[in-house]
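This is data14.txt. It holds compact mmCIF, C-alpha atoms and all ligand atoms.
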```txt
# COMPACT_ATOMS: atom_id res chain seq x y z
CA MET A 32 0.00 0.00 0.00
CA SER A 33 1.39 3.40 -0.84
CA ILE A 34 0.86 6.06 1.76
CA GLN A 35 1.99 9.66 1.58
CA TRP A 36 3.38 9.38 5.08
CA PHE A 37 5.54 12.33 5.60
CA PRO A 38 4.11 15.79 4.93
CA GLY A 39 6.58 18.65 5.44
CA HIS A 40 5.57 19.63 8.94
CA MET A 41 6.20 16.07 10.14
CA HIS A 42 9.74 16.16 8.82
CA LEU A 43 10.40 19.33 10.76
CA THR A 44 8.94 17.74 13.82
CA ARG A 45 11.38 14.89 13.78
CA GLN A 46 14.19 17.41 13.91
CA ALA A 47 12.29 19.44 16.46
CA ILE A 48 11.87 16.36 18.66
CA ALA A 49 15.59 15.56 18.52
CA GLU A 50 16.37 19.18 19.34
CA ARG A 51 13.75 19.53 22.05
CA VAL A 52 14.70 16.27 23.77
CA LYS A 53 17.95 17.89 24.88
CA GLY A 54 16.05 20.18 27.21
CA VAL A 55 13.40 17.88 28.65
CA ASP A 56 13.26 15.67 31.72
CA VAL A 57 10.62 13.10 30.76
CA VAL A 58 9.32 11.96 27.39
CA ILE A 59 5.74 10.70 27.29
CA GLU A 60 5.00 8.61 24.23
CA LEU A 61 1.29 8.35 23.60
CA LEU A 62 0.41 5.06 21.93
CA ASP A 63 -2.95 4.11 20.50
CA ALA A 64 -4.22 1.26 22.71
CA ARG A 65 -5.95 -0.23 19.63
CA LEU A 66 -2.55 -0.65 17.92
CA PRO A 67 0.21 -0.27 20.50
CA GLY A 68 2.97 -1.89 18.42
CA SER A 69 2.18 -0.12 15.19
CA SER A 70 1.77 3.27 16.87
CA ALA A 71 5.16 3.12 18.64
CA ASN A 72 7.77 5.19 16.85
CA PRO A 73 10.75 2.91 16.09
CA LEU A 74 13.00 5.99 15.93
CA LEU A 75 11.99 7.33 19.32
CA LEU A 76 14.52 5.43 21.38
CA GLN A 77 17.24 6.84 19.18
CA LEU A 78 15.73 10.35 19.36
CA THR A 79 15.24 10.39 23.12
CA LYS A 80 18.71 9.07 23.95
CA GLY A 81 18.05 7.44 27.27
CA LYS A 82 15.77 10.12 28.74
CA PRO A 83 13.25 8.76 31.24
CA ALA A 84 10.29 7.68 29.15
CA LEU A 85 6.73 6.71 29.82
CA LYS A 86 4.51 4.81 27.43
CA VAL A 87 0.85 5.64 27.67
CA LEU A 88 -1.77 3.47 26.01
CA ASN A 89 -4.33 6.10 25.18
CA LYS A 90 -7.90 5.61 23.91
CA GLN A 91 -8.11 2.59 26.19
CA ASP A 92 -11.87 3.19 26.31
CA MET A 93 -11.96 2.16 22.61
CA ALA A 94 -9.60 -0.82 22.91
CA ASP A 95 -10.17 -4.43 23.93
CA PRO A 96 -9.46 -4.45 27.72
CA VAL A 97 -8.08 -8.01 27.70
CA ARG A 98 -5.52 -7.05 25.08
CA THR A 99 -4.69 -3.75 26.80
CA ALA A 100 -3.71 -5.79 29.87
CA LEU A 101 -1.45 -7.95 27.68
CA TRP A 102 0.28 -4.90 26.23
CA LEU A 103 0.77 -3.25 29.64
CA ALA A 104 2.33 -6.46 30.99
CA HIS A 105 4.51 -6.67 27.89
CA TYR A 106 5.85 -3.13 28.21
CA ASN A 107 6.22 -3.18 31.98
CA ALA A 108 8.36 -6.32 31.70
CA LEU A 109 10.87 -4.50 29.46
CA PRO A 110 13.87 -3.03 31.29
CA GLY A 111 13.63 0.72 31.86
CA THR A 112 10.10 0.98 30.44
CA ARG A 113 6.95 2.02 32.27
CA ALA A 114 3.51 1.91 30.77
CA LEU A 115 0.06 3.14 31.82
CA GLU A 116 -3.36 3.04 30.20
CA LEU A 117 -5.47 6.13 29.73
CA ASP A 118 -8.56 7.77 28.38
CA ALA A 119 -7.12 11.21 27.71
CA SER A 120 -10.39 12.98 28.37
CA MET A 121 -10.71 11.70 31.96
CA ALA A 122 -9.07 13.98 34.51
CA ALA A 123 -8.38 11.60 37.41
CA PRO A 124 -6.36 8.98 35.48
CA ALA A 125 -4.56 11.71 33.55
CA LYS A 126 -3.33 13.11 36.88
CA ARG A 127 -1.50 9.83 37.49
CA LEU A 128 0.85 10.89 34.73
CA ILE A 129 2.01 13.85 36.75
CA ALA A 130 2.91 11.58 39.65
CA ALA A 131 4.71 9.22 37.26
CA CYS A 132 6.80 12.13 35.91
CA PHE A 133 7.91 13.02 39.43
CA GLU A 134 8.89 9.39 40.04
CA LEU A 135 10.95 9.35 36.86
CA ALA A 136 12.64 12.70 37.50
CA PRO A 137 12.40 13.32 41.27
CA HIS A 138 14.84 16.22 41.31
CA ARG A 139 12.74 18.38 38.98
CA GLY A 140 9.58 20.46 39.46
CA ARG A 141 10.73 23.59 41.22
CA MET A 142 10.85 27.08 39.72
CA SER A 143 14.64 26.87 39.56
CA LYS A 144 14.53 23.35 38.11
CA PRO A 145 11.24 23.05 36.29
CA MET A 146 9.84 19.70 35.16
CA ARG A 147 9.82 19.70 31.37
CA VAL A 148 7.68 16.99 29.79
CA LEU A 149 7.57 16.30 26.07
CA ILE A 150 4.42 14.64 24.78
CA CYS A 151 4.87 12.87 21.49
CA GLY A 152 3.05 10.30 19.39
CA ILE A 153 1.44 9.62 16.04
CA PRO A 154 -1.11 12.05 14.56
CA ASN A 155 -4.59 11.98 16.15
CA VAL A 156 -3.59 9.80 19.12
CA GLY A 157 -4.78 12.36 21.68
CA LYS A 158 -1.71 14.39 22.70
CA SER A 159 -3.50 17.73 22.74
CA THR A 160 -6.59 16.24 24.41
CA LEU A 161 -4.38 14.91 27.22
CA ILE A 162 -2.77 18.31 27.71
CA ASN A 163 -6.16 20.04 27.86
CA THR A 164 -7.40 17.47 30.38
CA LEU A 165 -4.34 17.97 32.57
CA LYS A 166 -4.63 21.73 32.33
CA GLY A 167 -8.38 21.66 32.96
CA GLN A 168 -9.07 24.03 30.08
CA ARG A 169 -8.68 24.26 26.33
CA ALA A 170 -5.02 25.24 26.11
CA THR A 171 -4.35 23.68 22.70
CA ALA A 172 -6.46 22.75 19.65
CA THR A 173 -7.80 19.19 19.24
CA GLY A 174 -9.84 17.47 16.54
CA ASP A 175 -10.73 14.11 15.12
CA GLU A 176 -8.35 14.35 12.20
CA ALA A 177 -4.63 13.77 11.70
CA GLY A 178 -2.45 16.87 11.73
CA ILE A 179 -4.38 19.27 13.99
CA THR A 180 -1.33 20.47 15.93
CA LYS A 181 1.05 22.07 13.45
CA GLN A 182 3.64 23.61 15.73
CA GLU A 183 5.24 22.74 18.99
CA GLN A 184 3.63 24.58 21.88
CA ARG A 185 4.62 25.00 25.52
CA ILE A 186 1.87 24.83 28.12
CA VAL A 187 2.53 25.79 31.72
CA LEU A 188 0.66 23.24 33.81
CA GLN A 189 1.59 24.79 37.13
CA ASP A 190 4.59 26.69 38.45
CA GLY A 191 7.66 24.69 37.55
CA PHE A 192 5.83 22.14 35.36
CA TYR A 193 5.85 22.55 31.60
CA LEU A 194 4.26 20.37 28.96
CA PHE A 195 5.33 20.48 25.33
CA ASP A 196 2.65 19.58 22.80
CA THR A 197 4.07 18.41 19.46
CA PRO A 198 2.54 17.74 16.06
CA GLY A 199 1.97 14.03 15.45
CA VAL A 200 4.71 12.19 13.57
CA LEU A 201 4.90 9.06 11.48
CA TRP A 202 8.22 7.65 10.40
CA PRO A 203 9.52 7.57 6.82
CA ARG A 204 9.68 3.81 6.41
CA ILE A 205 7.07 1.44 7.79
CA ILE A 206 8.51 -2.03 7.38
CA VAL A 207 5.58 -3.90 8.94
CA ALA A 208 2.90 -4.06 6.23
CA GLN A 209 0.09 -4.60 8.75
CA SER A 210 1.18 -1.48 10.65
CA GLY A 211 0.48 0.66 7.60
CA TYR A 212 -3.06 -0.67 7.44
CA ASN A 213 -3.65 -0.40 11.18
CA LEU A 214 -2.36 3.18 11.31
CA ALA A 215 -4.61 4.15 8.43
CA ALA A 216 -7.63 2.40 10.00
CA SER A 217 -7.04 4.21 13.31
CA GLY A 218 -7.18 7.68 11.76
CA ALA A 219 -3.48 8.50 12.09
CA VAL A 220 -3.04 8.99 8.36
CA GLY A 221 -4.50 11.96 6.48
CA ARG A 222 -7.70 11.25 4.58
CA ASN A 223 -6.32 11.47 1.06
CA ALA A 224 -3.12 9.56 1.72
CA PHE A 225 -4.42 5.98 1.51
CA ASP A 226 -6.96 3.81 -0.26
CA GLU A 227 -10.03 3.32 1.96
CA GLU A 228 -11.11 0.15 0.22
CA GLU A 229 -7.73 -1.53 0.70
CA VAL A 230 -7.62 -0.53 4.36
CA ALA A 231 -11.22 -1.59 5.03
CA LEU A 232 -10.58 -5.00 3.43
CA GLU A 233 -7.54 -5.57 5.66
CA LEU A 234 -9.58 -4.50 8.67
CA LEU A 235 -12.41 -6.90 7.77
CA ALA A 236 -9.91 -9.71 7.21
CA TYR A 237 -8.60 -9.21 10.74
CA LEU A 238 -12.00 -8.71 12.37
CA ARG A 239 -13.53 -11.80 10.81
CA GLN A 240 -10.76 -13.85 12.39
CA HIS A 241 -10.56 -12.21 15.80
CA TYR A 242 -13.82 -10.32 16.37
CA ALA A 243 -16.31 -12.40 14.38
CA ALA A 244 -19.14 -12.07 16.91
CA GLU A 245 -18.84 -8.27 17.06
CA LEU A 246 -18.77 -8.05 13.28
CA ALA A 247 -21.82 -10.28 12.92
CA ALA A 248 -23.75 -8.28 15.53
CA ARG A 249 -22.93 -4.87 14.07
CA TYR A 250 -23.98 -5.74 10.53
CA ALA A 251 -26.75 -8.24 11.40
CA LEU A 252 -24.90 -11.05 9.64
CA GLU A 253 -25.21 -14.76 10.27
CA PRO A 254 -22.08 -16.06 12.07
CA ALA A 255 -21.69 -18.50 9.17
CA THR A 256 -21.50 -15.58 6.72
CA VAL A 257 -18.66 -14.04 8.68
CA SER A 258 -16.70 -17.26 8.87
CA THR A 259 -17.21 -18.42 5.29
CA GLN A 260 -17.23 -15.25 3.19
CA SER A 261 -14.00 -13.65 2.05
CA GLU A 262 -13.44 -10.04 3.12
CA ASP A 263 -14.24 -8.85 -0.42
CA HIS A 264 -17.56 -10.59 -0.19
CA LEU A 265 -18.17 -9.28 3.30
CA LEU A 266 -17.58 -5.70 2.23
CA GLU A 267 -20.09 -6.16 -0.56
CA THR A 268 -22.65 -7.78 1.76
CA ILE A 269 -22.25 -4.97 4.29
CA GLY A 270 -22.50 -2.31 1.56
CA ARG A 271 -25.67 -3.85 0.16
CA ALA A 272 -27.28 -4.21 3.58
CA ARG A 273 -26.44 -0.59 4.40
CA GLY A 274 -27.70 0.82 1.10
CA ALA A 275 -24.28 1.86 -0.25
CA LEU A 276 -25.41 1.36 -3.84
CA GLN A 277 -24.61 3.00 -7.13
CA SER A 278 -26.53 3.12 -10.38
CA GLY A 279 -27.54 -0.29 -11.64
CA GLY A 280 -27.90 -1.55 -8.08
CA ARG A 281 -24.22 -2.43 -7.72
CA VAL A 282 -22.54 -1.88 -4.38
CA ASN A 283 -20.51 1.29 -4.03
CA LEU A 284 -17.44 -0.30 -2.45
CA GLN A 285 -15.78 3.03 -1.70
CA LYS A 286 -18.81 4.13 0.30
CA ALA A 287 -19.04 0.73 2.04
CA ALA A 288 -15.35 0.94 2.97
CA GLU A 289 -15.77 4.44 4.39
CA MET A 290 -18.69 3.19 6.46
CA VAL A 291 -16.72 0.29 7.92
CA LEU A 292 -13.78 2.55 8.79
CA LYS A 293 -16.08 5.11 10.38
CA ASP A 294 -17.76 2.37 12.44
CA PHE A 295 -14.37 1.12 13.62
CA ARG A 296 -13.23 4.63 14.57
CA GLN A 297 -16.44 5.34 16.46
CA THR A 298 -16.29 2.01 18.34
CA ALA A 299 -19.59 1.03 16.71
CA ILE A 300 -18.28 -2.49 16.08
CA GLY A 301 -17.05 -2.82 19.66
CA ARG A 302 -13.88 -2.33 21.67
CA ILE A 303 -11.26 -3.68 19.33
CA THR A 304 -7.48 -4.00 19.39
CA LEU A 305 -5.84 -4.85 16.08
CA GLU A 306 -2.69 -6.56 17.41
CA THR A 307 -1.35 -8.51 20.37
CA PRO A 308 2.28 -8.33 21.56
CA ASP A 309 2.99 -11.80 20.10
CA GLU A 310 1.38 -11.02 16.78
CA PHE A 311 3.23 -7.75 16.48
CA ALA A 312 6.56 -9.42 17.32
CA ARG A 313 5.94 -11.90 14.49
CA TRP A 314 5.00 -9.15 12.02
CA LEU A 315 8.08 -7.18 13.01
CA ALA A 316 10.41 -10.15 12.54
CA GLU A 317 8.84 -10.84 9.13
CA GLY A 318 9.04 -7.14 8.16
CA LYS A 319 12.70 -6.96 9.16
CA LYS A 320 13.48 -10.08 7.15
CA LEU A 321 11.76 -8.75 4.03
CA ASP A 322 13.42 -5.39 4.50
CA ALA A 323 16.88 -6.99 4.77
CA GLU A 324 16.19 -9.01 1.62
CA ARG A 325 15.07 -5.85 -0.19
CA GLN A 326 18.23 -4.12 0.95
CA LEU A 327 20.40 -6.99 -0.30
CA ARG A 328 18.67 -6.96 -3.69
CA LYS A 329 19.21 -3.22 -3.94
CA GLU A 330 22.90 -3.61 -3.12
CA ALA A 331 23.30 -6.47 -5.62
CA LEU A 332 21.64 -4.36 -8.30
CA ALA A 333 23.88 -1.38 -7.56
CA LEU A 334 26.97 -3.61 -7.66
CA ASN A 335 25.85 -5.15 -10.92
CA GLN A 336 25.31 -1.72 -12.47
CA ALA A 337 28.69 -0.50 -11.26
CA GLN A 338 30.40 -3.58 -12.74
CA ARG A 339 28.65 -3.05 -16.08
CA ARG A 340 29.66 0.59 -16.10
CA GLY A 341 33.23 -0.56 -15.40
CA LYS A 342 33.23 -2.87 -18.43
CA ASN A 343 31.91 -0.20 -20.82
N1 LIG B 1 -12.41 7.84 22.92
C1 LIG B 1 -11.31 8.59 23.09
N2 LIG B 1 -11.05 9.59 22.24
C2 LIG B 1 -9.94 10.31 22.42
C3 LIG B 1 -9.01 10.03 23.47
N3 LIG B 1 -7.99 10.92 23.39
C4 LIG B 1 -8.26 11.69 22.32
N4 LIG B 1 -9.41 11.36 21.74
C5 LIG B 1 -10.01 11.96 20.52
O1 LIG B 1 -9.09 11.77 19.46
C6 LIG B 1 -9.09 12.87 18.57
C7 LIG B 1 -7.68 13.42 18.38
O2 LIG B 1 -7.27 14.07 19.56
P1 LIG B 1 -6.10 15.18 19.57
O3 LIG B 1 -5.84 15.47 21.01
O4 LIG B 1 -6.41 16.32 18.67
O5 LIG B 1 -4.90 14.34 18.97
P2 LIG B 1 -3.37 14.80 18.73
O6 LIG B 1 -2.53 13.64 19.12
O7 LIG B 1 -3.11 16.08 19.40
O8 LIG B 1 -3.37 14.92 17.13
P3 LIG B 1 -2.41 15.82 16.17
O9 LIG B 1 -2.30 17.17 16.76
O10 LIG B 1 -3.16 15.78 14.87
O11 LIG B 1 -1.11 15.09 16.08
C8 LIG B 1 -10.08 13.88 19.15
O12 LIG B 1 -11.32 13.73 18.48
C9 LIG B 1 -10.18 13.47 20.61
O13 LIG B 1 -11.43 13.80 21.16
C10 LIG B 1 -9.31 8.93 24.35
O14 LIG B 1 -8.56 8.57 25.27
N5 LIG B 1 -10.46 8.25 24.10
MG MG B 2 -2.47 17.85 18.65
```

Represent the structure contained in this file as structure tokens.
Ligand SMILES: Nc1nc2c(ncn2[C@@H]2O[C@H](COP(=O)(O)OP(=O)(O)OP(=O)(O)O)[C@@H](O)[C@H]2O)c(=O)[nH]1
Ligand SMILES: [Mg+2]
Amino acid sequence: MSIQWFPGHMHLTRQAIAERVKGVDVVIELLDARLPGSSANPLLLQLTKGKPALKVLNKQDMADPVRTALWLAHYNALPGTRALELDASMAAPAKRLIAACFELAPHRGRMSKPMRVLICGIPNVGKSTLINTLKGQRATATGDEAGITKQEQRIVLQDGFYLFDTPGVLWPRIIVAQSGYNLAASGAVGRNAFDEEEVALELLAYLRQHYAAELAARYALEPATVSTQSEDHLLETIGRARGALQSGGRVNLQKAAEMVLKDFRQTAIGRITLETPDEFARWLAEGKKLDAERQLRKEALALNQAQRRGKN
């Protein structure tokens, strides 16, 4: 799938993150609890250079609670990593983050040594919402669309406690194919940058395997339909049932795909998580292998061309 991942302001942000990290005490990485592996920036470790970091599984109210528990256990078992779950619009749990920052950087938080917390994560994951919840007022713009925050912004939470809101970033190369689809399904990718039908088909393929009952209930399908029909067929069945038709009575697949994606994003199908830690580890290993093979082929091709140029 081709995705126009990296609009200009995201490029700048990567540099801005690297620059900004020098002057912060804690980095909070907001992950999407529906796709924790795919929403984790593989470059972040390199960008944050050993700063105390906290992973926050946001939008937990939309995710499958059983799987959220698996992901929290997974992250908390990694050395030097702490993870929490969150619904960024709820004040009480958000306040736990403040306490966690003080645990990670106990010497900070006075006027002379302020606590400086950088909040980063993919587009639309809820960074600005979290900041507004912590602040108790609308200090920064939010919206259900990727790319709302365009510039870094400093918010003073209280005396000696600063939060830095950053524009969402995606990384230039996504080597796990499923991550591309999951990011697009979640709403992290701008509307015109991917093919809705392709993404909806991948989503249906996953849901029919792992959330068959929810899928059947949402679209009033027989369980047998869900288990026996291919995702292409399912999309057509759903489109027909929902009246997404075009002239001649054929199903408008684009419209059907948009409907399925909207339902997923609004939790209308249920609380769904698109990956488990084990699944993601497998996808990552596979992605790395394919990527290494691609790299080798590229090198072989370059060598071959150089040799031919040498002969001429
Ligand atoms: N259900 C639910 N929705 C959330 C949560 N956090 C954020 N949202 C919604 O997600 C959307 C995106 O939130 P923002 O705070 O603008 O996201 P952002 O990470 O700042 O996005 P960019 O600035 O585009 O990078 C908004 O519609 C929020 O209301 C959450 O924990 N649960
Ligand atoms: Mg924002």

Quiz prompt | Distance filter 6 Å around ligand MG 2 (chain B), atoms: all atoms listed in the file, out as a PyMOL selection string | solution = chain A and resi 158-159+173+179-180+198

Self-check item: Two-atom distance - atom C5 of ligand LIG 1 (chain B), atom CA of A:Ala243 (Å)
Solution: 25.9 Å

Exercise. Go through A:Arg222, A:Arg302, A:His138, A:Lys166 one by one, measure the shortest atom-to-atom distance of each to A:Met93 using only C-alpha atoms, and give the residue with the smallest value.
Key: A:Arg302

Quiz prompt | d(atom CA of A:Arg325, atom CA of A:Ala216) in Å | solution = 26.2 Å

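Separating atom C1 of ligand LIG 1 (chain B) from atom CA of A:Ile205 is a distance of 25.0 Å.
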
Using the file's own x, y and z axes, what box holds all listed atoms of ligand LIG 1 (chain B) with 4 Å on each side, keeping edges along x, y and z, and what are its centre and edge lengths in Å to one decimal, as AutoDock Vina command-line options?
```
--center_x -6.8 --center_y 12.5 --center_z 20.1 --size_x 19.3 --size_y 17.3 --size_z 18.4
```

Self-check item: 12 Å contact set for A:Leu128, only C-alpha atoms, chain neighbours under 3 positions out, as a PyMOL selection string
Solution: chain A and resi 57-61+84-89+113-119+121-125+131-135+148+150+161-162+164-165+194

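For the residues A:Leu292, A:Val282, A:Val200, A:Leu276, ranking by smallest atom-to-atom distance to A:Glu233 using all atoms listed in the file places A:Leu292 first.
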
Self-check item: A:Glu50 environment, 10 Å, all atoms listed in the file, sequence neighbours closer than 5 positions dropped, as a list in words
Solution: Thr44, Arg45, Val55, Leu78 and Thr79 of chain A

Quiz item: Can you tell me, as number ranges by chain, what residues are no more than 12 Å from A:Tyr193 when counting all atoms listed in the file, ignoring any on the same chain fewer than 2 positions away?
Solution: A: 54-58, 129, 132, 139-142, 144-150, 162, 165-166, 184-191, 195-196

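Among the candidate residues A:Asp63, A:Pro308, A:Ala177, A:Arg340, the one lying nearest to A:Ala100 is A:Pro308, with distances computed using only C-alpha atoms.
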
Quiz item: So which residues fall inside 10 Å of (-5.8, 4.3, 14.6) if we count only C-alpha atoms? Mind giving them as number ranges by chain?
Solution: A: 62-67, 69-70, 90, 153-156, 177, 210, 212-220, 295-296, 304-305

Quiz item: So, counting only C-alpha atoms and all ligand atoms, which residue among A:Ala136, A:Leu315, A:Cys151, A:Ala47 is closest to ligand LIG 1 (chain B)?
Solution: A:Cys151

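Ranking A:Thr307, A:Gly318, A:Ala287, A:Arg313 by their shortest atom-to-atom distance to A:Val97, with only C-alpha atoms included, puts A:Thr307 first.
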
Self-check item: Option closest in space to ligand LIG 1 (chain B), from A:Thr99, A:Gln240, A:Gln297, A:Gln209 [counting all atoms listed in the file]
Solution: A:Gln297

Mind checking which residues fall within 12 Å of A:Ala272, counting all atoms listed in the file, ignoring those fewer than 6 positions away in the same chain, and posting them as a short mmCIF file (atom, residue, chain, number, x, y, z; two decimals) with C-alpha atoms, in the coordinates of the input?
```
data_model
loop_
_atom_site.label_atom_id
_atom_site.label_comp_id
_atom_site.auth_asym_id
_atom_site.auth_seq_id
_atom_site.Cartn_x
_atom_site.Cartn_y
_atom_site.Cartn_z
CA ARG A 249 -22.93 -4.87 14.07
CA TYR A 250 -23.98 -5.74 10.53
CA ALA A 251 -26.75 -8.24 11.40
CA LEU A 252 -24.90 -11.05 9.64
CA LEU A 265 -18.17 -9.28 3.30
CA LEU A 266 -17.58 -5.70 2.23
CA GLY A 280 -27.90 -1.55 -8.08
CA ARG A 281 -24.22 -2.43 -7.72
CA VAL A 282 -22.54 -1.88 -4.38
CA ASN A 283 -20.51 1.29 -4.03
CA ALA A 287 -19.04 0.73 2.04
CA MET A 290 -18.69 3.19 6.46
#
```

Reconstruct stretch 122-143 of chain A at the level of N, CA and C atoms, and format the result as a PDB file, keeping the file's coordinate frame.
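Listed below is the output, result.pdb:
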```pdb
ATOM      1  N   ALA A 122     -10.051  13.221  33.725  1.00  0.00           N
ATOM      2  CA  ALA A 122      -9.070  13.980  34.510  1.00  0.00           C
ATOM      3  C   ALA A 122      -8.324  13.131  35.538  1.00  0.00           C
ATOM      4  N   ALA A 123      -9.041  12.295  36.308  1.00  0.00           N
ATOM      5  CA  ALA A 123      -8.380  11.600  37.410  1.00  0.00           C
ATOM      6  C   ALA A 123      -7.242  10.689  36.926  1.00  0.00           C
ATOM      7  N   PRO A 124      -7.470   9.814  35.933  1.00  0.00           N
ATOM      8  CA  PRO A 124      -6.360   8.980  35.480  1.00  0.00           C
ATOM      9  C   PRO A 124      -5.231   9.793  34.844  1.00  0.00           C
ATOM     10  N   ALA A 125      -5.588  10.886  34.181  1.00  0.00           N
ATOM     11  CA  ALA A 125      -4.560  11.710  33.550  1.00  0.00           C
ATOM     12  C   ALA A 125      -3.595  12.257  34.607  1.00  0.00           C
ATOM     13  N   LYS A 126      -4.160  12.559  35.791  1.00  0.00           N
ATOM     14  CA  LYS A 126      -3.330  13.110  36.880  1.00  0.00           C
ATOM     15  C   LYS A 126      -2.251  12.118  37.334  1.00  0.00           C
ATOM     16  N   ARG A 127      -2.510  10.830  37.105  1.00  0.00           N
ATOM     17  CA  ARG A 127      -1.500   9.830  37.490  1.00  0.00           C
ATOM     18  C   ARG A 127      -0.203  10.033  36.720  1.00  0.00           C
ATOM     19  N   LEU A 128      -0.340  10.638  35.547  1.00  0.00           N
ATOM     20  CA  LEU A 128       0.850  10.890  34.730  1.00  0.00           C
ATOM     21  C   LEU A 128       1.786  11.875  35.406  1.00  0.00           C
ATOM     22  N   ILE A 129       1.189  12.835  36.080  1.00  0.00           N
ATOM     23  CA  ILE A 129       2.010  13.850  36.750  1.00  0.00           C
ATOM     24  C   ILE A 129       2.850  13.169  37.829  1.00  0.00           C
ATOM     25  N   ALA A 130       2.192  12.306  38.598  1.00  0.00           N
ATOM     26  CA  ALA A 130       2.910  11.580  39.650  1.00  0.00           C
ATOM     27  C   ALA A 130       4.022  10.722  39.031  1.00  0.00           C
ATOM     28  N   ALA A 131       3.703  10.081  37.903  1.00  0.00           N
ATOM     29  CA  ALA A 131       4.710   9.220  37.260  1.00  0.00           C
ATOM     30  C   ALA A 131       5.911  10.044  36.797  1.00  0.00           C
ATOM     31  N   CYS A 132       5.671  11.262  36.338  1.00  0.00           N
ATOM     32  CA  CYS A 132       6.800  12.130  35.910  1.00  0.00           C
ATOM     33  C   CYS A 132       7.698  12.439  37.106  1.00  0.00           C
ATOM     34  N   PHE A 133       7.096  12.720  38.255  1.00  0.00           N
ATOM     35  CA  PHE A 133       7.910  13.020  39.430  1.00  0.00           C
ATOM     36  C   PHE A 133       8.713  11.792  39.888  1.00  0.00           C
ATOM     37  N   GLU A 134       8.128  10.614  39.691  1.00  0.00           N
ATOM     38  CA  GLU A 134       8.890   9.390  40.040  1.00  0.00           C
ATOM     39  C   GLU A 134      10.080   9.219  39.115  1.00  0.00           C
ATOM     40  N   LEU A 135       9.877   9.551  37.837  1.00  0.00           N
ATOM     41  CA  LEU A 135      10.950   9.350  36.860  1.00  0.00           C
ATOM     42  C   LEU A 135      12.032  10.427  36.953  1.00  0.00           C
ATOM     43  N   ALA A 136      11.649  11.616  37.387  1.00  0.00           N
ATOM     44  CA  ALA A 136      12.640  12.700  37.500  1.00  0.00           C
ATOM     45  C   ALA A 136      12.409  13.437  38.814  1.00  0.00           C
ATOM     46  N   PRO A 137      12.769  12.799  39.944  1.00  0.00           N
ATOM     47  CA  PRO A 137      12.400  13.320  41.270  1.00  0.00           C
ATOM     48  C   PRO A 137      13.049  14.668  41.606  1.00  0.00           C
ATOM     49  N   HIS A 138      14.134  14.994  40.942  1.00  0.00           N
ATOM     50  CA  HIS A 138      14.840  16.220  41.310  1.00  0.00           C
ATOM     51  C   HIS A 138      14.264  17.452  40.607  1.00  0.00           C
ATOM     52  N   ARG A 139      13.261  17.248  39.737  1.00  0.00           N
ATOM     53  CA  ARG A 139      12.740  18.380  38.980  1.00  0.00           C
ATOM     54  C   ARG A 139      11.402  18.843  39.559  1.00  0.00           C
ATOM     55  N   GLY A 140      10.928  20.018  39.096  1.00  0.00           N
ATOM     56  CA  GLY A 140       9.580  20.460  39.460  1.00  0.00           C
ATOM     57  C   GLY A 140       9.556  21.686  40.344  1.00  0.00           C
ATOM     58  N   ARG A 141      10.722  22.335  40.494  1.00  0.00           N
ATOM     59  CA  ARG A 141      10.730  23.590  41.220  1.00  0.00           C
ATOM     60  C   ARG A 141      10.953  24.713  40.220  1.00  0.00           C
ATOM     61  N   MET A 142      10.680  25.954  40.637  1.00  0.00           N
ATOM     62  CA  MET A 142      10.850  27.080  39.720  1.00  0.00           C
ATOM     63  C   MET A 142      12.271  27.106  39.164  1.00  0.00           C
ATOM     64  N   SER A 143      13.249  26.816  40.029  1.00  0.00           N
ATOM     65  CA  SER A 143      14.640  26.870  39.560  1.00  0.00           C
ATOM     66  C   SER A 143      14.993  25.671  38.688  1.00  0.00           C
TER      67      SER A 143
END
```
